[in-house]
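Colleague: Below are the structure tokens for one structure; questions will follow.
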Amino acid sequence: MSRFIKLVVTSLLSTAIFSAVYGIISLTPESEKEPNIYYFSFTDTFVFTFMYTLPVYIVVGIICSYLIDMLAHNMQTRKMYFSKLLMYSLAGIVPGLAFYFLFEGIQLDYQLLFYFFALGIFASNTFYHVLLLINKVFNRKKI
């Protein structure tokens, strides 16, 4: 399987995982719901999150993955996993920052900024670990 196909499959699987986790996190418990107010269901949140994060995963995820692999190839470190984990985490801050300014504008709310950073880091590390899993599955030697 080519590198690009693996990255596209990784993007799709990572988007599904991220959307599912975000859908679960965003649920409002029945005891906290007020009458006559609409609350997004898990499915609504999953679909909207999937629609908005898939292009980001495909464009930013694939580009950053190629760049991180080029940087990691030039580094001769024994702790490659942790080096890449740090690089993917840093790469996740960029879309988090972009989404923050897209939704909030120029005004700074540090708690919300931290929330977007955490989502970006979680999303990028999801991508990295799904990519590791896909590489492990498809790089097995056939007996």
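In the structure tokens, chains take the letters A, B, ... in the order shown, each chain's residues start at 1, and ligands count up from 1 in the order shown.
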Residues near stretch 6-8 of chain A, anyone? I mean within 12 Å using only C-alpha atoms, not counting same-chain ones fewer than 2 positions away, as a ChimeraX atom specification.

Modeller: /A:1-4,10-15,54-66,127-139

Colleague: Mind writing the picked residues with N, CA, C and O atoms as a CSV table (one decimal), in the first residue's frame?

Modeller:
chain,number,residue,atom,x,y,z
A,1,MET,N,0.8,-1.2,0.0
A,1,MET,CA,0.0,0.0,0.0
A,1,MET,C,0.9,1.2,0.0
A,1,MET,O,1.8,1.3,0.8
A,2,SER,N,0.6,2.2,-0.9
A,2,SER,CA,1.4,3.4,-1.0
A,2,SER,C,1.3,4.3,0.2
A,2,SER,O,0.3,4.2,0.9
A,3,ARG,N,2.2,5.1,0.4
A,3,ARG,CA,2.3,6.0,1.6
A,3,ARG,C,1.1,7.0,1.5
A,3,ARG,O,0.4,7.2,2.6
A,4,PHE,N,0.7,7.5,0.4
A,4,PHE,CA,-0.4,8.4,0.3
A,4,PHE,C,-1.7,7.8,0.6
A,4,PHE,O,-2.5,8.3,1.3
A,10,THR,N,-5.7,6.8,7.0
A,10,THR,CA,-5.5,7.3,8.4
A,10,THR,C,-6.3,8.5,8.6
A,10,THR,O,-6.9,8.7,9.7
A,11,SER,N,-6.4,9.4,7.7
A,11,SER,CA,-7.3,10.6,7.8
A,11,SER,C,-8.7,10.2,8.1
A,11,SER,O,-9.4,10.8,9.0
A,12,LEU,N,-9.2,9.3,7.3
A,12,LEU,CA,-10.6,8.9,7.4
A,12,LEU,C,-10.9,8.2,8.8
A,12,LEU,O,-11.9,8.6,9.5
A,13,LEU,N,-10.0,7.3,9.2
A,13,LEU,CA,-10.2,6.6,10.5
A,13,LEU,C,-10.0,7.6,11.7
A,13,LEU,O,-10.8,7.5,12.6
A,14,SER,N,-9.0,8.5,11.6
A,14,SER,CA,-8.8,9.5,12.6
A,14,SER,C,-10.0,10.4,12.8
A,14,SER,O,-10.3,10.8,13.9
A,15,THR,N,-10.5,10.8,11.6
A,15,THR,CA,-11.7,11.7,11.7
A,15,THR,C,-12.9,11.0,12.4
A,15,THR,O,-13.6,11.6,13.2
A,54,LEU,N,-12.8,16.4,8.6
A,54,LEU,CA,-12.2,15.6,7.5
A,54,LEU,C,-11.3,16.4,6.6
A,54,LEU,O,-10.2,16.0,6.3
A,55,PRO,N,-11.7,17.6,6.1
A,55,PRO,CA,-10.8,18.3,5.2
A,55,PRO,C,-9.5,18.8,5.9
A,55,PRO,O,-8.5,18.8,5.3
A,56,VAL,N,-9.6,19.1,7.2
A,56,VAL,CA,-8.4,19.5,8.0
A,56,VAL,C,-7.5,18.3,8.1
A,56,VAL,O,-6.3,18.4,7.9
A,57,TYR,N,-8.1,17.1,8.4
A,57,TYR,CA,-7.2,15.9,8.5
A,57,TYR,C,-6.6,15.6,7.2
A,57,TYR,O,-5.4,15.2,7.2
A,58,ILE,N,-7.3,15.7,6.1
A,58,ILE,CA,-6.8,15.3,4.8
A,58,ILE,C,-5.7,16.3,4.4
A,58,ILE,O,-4.6,15.9,4.0
A,59,VAL,N,-6.0,17.6,4.5
A,59,VAL,CA,-5.0,18.6,4.0
A,59,VAL,C,-3.9,18.7,5.0
A,59,VAL,O,-2.7,18.5,4.7
A,60,VAL,N,-4.2,19.2,6.2
A,60,VAL,CA,-3.1,19.5,7.2
A,60,VAL,C,-2.5,18.2,7.7
A,60,VAL,O,-1.2,18.2,7.8
A,61,GLY,N,-3.3,17.2,7.9
A,61,GLY,CA,-2.7,15.9,8.4
A,61,GLY,C,-1.7,15.3,7.5
A,61,GLY,O,-0.6,14.9,7.9
A,62,ILE,N,-2.0,15.2,6.2
A,62,ILE,CA,-1.1,14.6,5.2
A,62,ILE,C,0.1,15.4,5.0
A,62,ILE,O,1.2,14.9,5.0
A,63,ILE,N,-0.1,16.8,4.9
A,63,ILE,CA,1.1,17.6,4.7
A,63,ILE,C,2.0,17.6,5.9
A,63,ILE,O,3.3,17.4,5.8
A,64,CYS,N,1.5,17.7,7.1
A,64,CYS,CA,2.3,17.6,8.3
A,64,CYS,C,3.0,16.3,8.5
A,64,CYS,O,4.1,16.2,8.9
A,65,SER,N,2.3,15.2,8.1
A,65,SER,CA,2.9,13.9,8.2
A,65,SER,C,4.1,13.8,7.3
A,65,SER,O,5.1,13.2,7.7
A,66,TYR,N,4.0,14.3,6.1
A,66,TYR,CA,5.1,14.2,5.2
A,66,TYR,C,6.3,15.1,5.8
A,66,TYR,O,7.4,14.6,5.7
A,127,PHE,N,-4.2,11.0,14.9
A,127,PHE,CA,-3.7,10.7,13.6
A,127,PHE,C,-2.4,9.9,13.6
A,127,PHE,O,-2.3,8.9,12.9
A,128,TYR,N,-1.5,10.3,14.5
A,128,TYR,CA,-0.2,9.6,14.6
A,128,TYR,C,-0.4,8.2,15.1
A,128,TYR,O,0.2,7.3,14.5
A,129,HIS,N,-1.2,7.9,16.1
A,129,HIS,CA,-1.4,6.6,16.5
A,129,HIS,C,-2.1,5.7,15.6
A,129,HIS,O,-1.8,4.5,15.5
A,130,VAL,N,-3.1,6.2,14.9
A,130,VAL,CA,-3.8,5.5,13.8
A,130,VAL,C,-2.8,5.1,12.7
A,130,VAL,O,-2.8,4.0,12.2
A,131,LEU,N,-1.9,6.1,12.4
A,131,LEU,CA,-0.9,5.8,11.3
A,131,LEU,C,0.1,4.7,11.8
A,131,LEU,O,0.4,3.9,11.0
A,132,LEU,N,0.5,4.8,13.1
A,132,LEU,CA,1.3,3.7,13.6
A,132,LEU,C,0.6,2.3,13.5
A,132,LEU,O,1.3,1.3,13.1
A,133,LEU,N,-0.6,2.3,13.8
A,133,LEU,CA,-1.4,1.0,13.7
A,133,LEU,C,-1.5,0.6,12.3
A,133,LEU,O,-1.3,-0.6,12.0
A,134,ILE,N,-1.8,1.5,11.4
A,134,ILE,CA,-1.9,1.1,10.0
A,134,ILE,C,-0.6,0.6,9.4
A,134,ILE,O,-0.5,-0.4,8.7
A,135,ASN,N,0.5,1.3,9.8
A,135,ASN,CA,1.8,0.8,9.4
A,135,ASN,C,2.1,-0.6,9.9
A,135,ASN,O,2.7,-1.4,9.2
A,136,LYS,N,1.8,-0.8,11.1
A,136,LYS,CA,2.0,-2.1,11.8
A,136,LYS,C,1.2,-3.2,11.1
A,136,LYS,O,1.7,-4.3,10.8
A,137,VAL,N,0.0,-2.9,10.8
A,137,VAL,CA,-0.9,-3.9,10.1
A,137,VAL,C,-0.5,-4.2,8.7
A,137,VAL,O,-0.4,-5.4,8.3
A,138,PHE,N,-0.1,-3.2,7.9
A,138,PHE,CA,0.2,-3.4,6.5
A,138,PHE,C,1.7,-3.7,6.3
A,138,PHE,O,2.0,-4.1,5.1
A,139,ASN,N,2.5,-3.6,7.2
A,139,ASN,CA,3.9,-3.9,7.0
A,139,ASN,C,4.3,-5.3,7.6
A,139,ASN,O,5.5,-5.6,7.6

Colleague: Mind giving me the straight-line distance from atom CA of A:Leu112 to atom CA of A:Lys84 in Å, one decimal?

Modeller: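 Those two atoms sit 26.2 Å apart.
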
Colleague: May I ask which of the residues A:Ile121, A:Asp69, A:Leu113, A:Gly105 is the closest one to A:Ala91, counting only C-alpha atoms?

Modeller: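 Looking at the shortest contact to A:Ala91, the residue is A:Ile121.
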
Colleague: Could you check how far atom CA of A:Leu119 sits from atom CA of A:Gly96, in Å to one decimal?

Modeller: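 That distance, rounded to one decimal, is 6.7 Å.
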
Colleague: As a PDB file with N, CA, C and O atoms, in the first residue's frame, please: the residues near A:Phe82 (cut-off 12 Å, only C-alpha atoms, same-chain neighbours under 4 positions excluded).

Modeller:
ATOM      1  N   ALA A  72      12.094  13.744  10.732  1.00  0.00           N
ATOM      2  CA  ALA A  72      12.494  12.586  11.539  1.00  0.00           C
ATOM      3  C   ALA A  72      13.534  11.749  10.810  1.00  0.00           C
ATOM      4  O   ALA A  72      14.403  11.143  11.443  1.00  0.00           O
ATOM      5  N   THR A  77      17.865   9.811  16.180  1.00  0.00           N
ATOM      6  CA  THR A  77      17.612   9.718  17.606  1.00  0.00           C
ATOM      7  C   THR A  77      17.120   8.321  17.952  1.00  0.00           C
ATOM      8  O   THR A  77      16.503   7.651  17.135  1.00  0.00           O
ATOM      9  N   ARG A  78      17.397   7.913  19.149  1.00  0.00           N
ATOM     10  CA  ARG A  78      16.989   6.584  19.587  1.00  0.00           C
ATOM     11  C   ARG A  78      15.533   6.575  20.033  1.00  0.00           C
ATOM     12  O   ARG A  78      14.899   5.543  20.070  1.00  0.00           O
ATOM     13  N   LEU A  86       6.062  14.453  19.922  1.00  0.00           N
ATOM     14  CA  LEU A  86       6.211  15.880  20.175  1.00  0.00           C
ATOM     15  C   LEU A  86       5.939  16.692  18.911  1.00  0.00           C
ATOM     16  O   LEU A  86       5.237  17.711  18.951  1.00  0.00           O
ATOM     17  N   MET A  87       6.463  16.241  17.773  1.00  0.00           N
ATOM     18  CA  MET A  87       6.253  16.976  16.527  1.00  0.00           C
ATOM     19  C   MET A  87       4.784  16.976  16.117  1.00  0.00           C
ATOM     20  O   MET A  87       4.250  17.996  15.670  1.00  0.00           O
ATOM     21  N   TYR A  88       4.110  15.831  16.260  1.00  0.00           N
ATOM     22  CA  TYR A  88       2.681  15.779  15.937  1.00  0.00           C
ATOM     23  C   TYR A  88       1.884  16.662  16.903  1.00  0.00           C
ATOM     24  O   TYR A  88       0.918  17.315  16.493  1.00  0.00           O
ATOM     25  N   SER A  89       2.276  16.684  18.166  1.00  0.00           N
ATOM     26  CA  SER A  89       1.586  17.538  19.136  1.00  0.00           C
ATOM     27  C   SER A  89       1.732  19.010  18.759  1.00  0.00           C
ATOM     28  O   SER A  89       0.759  19.772  18.810  1.00  0.00           O
ATOM     29  N   ASN A 125      -2.500  13.647  17.671  1.00  0.00           N
ATOM     30  CA  ASN A 125      -1.985  12.397  18.243  1.00  0.00           C
ATOM     31  C   ASN A 125      -2.861  11.206  17.880  1.00  0.00           C
ATOM     32  O   ASN A 125      -2.359  10.086  17.767  1.00  0.00           O
ATOM     33  N   TYR A 128      -1.514  10.320  14.520  1.00  0.00           N
ATOM     34  CA  TYR A 128      -0.219   9.648  14.634  1.00  0.00           C
ATOM     35  C   TYR A 128      -0.382   8.189  15.071  1.00  0.00           C
ATOM     36  O   TYR A 128       0.230   7.294  14.492  1.00  0.00           O
ATOM     37  N   HIS A 129      -1.216   7.942  16.051  1.00  0.00           N
ATOM     38  CA  HIS A 129      -1.357   6.574  16.546  1.00  0.00           C
ATOM     39  C   HIS A 129      -2.137   5.681  15.582  1.00  0.00           C
ATOM     40  O   HIS A 129      -1.845   4.491  15.468  1.00  0.00           O
TER      41      HIS A 129
END
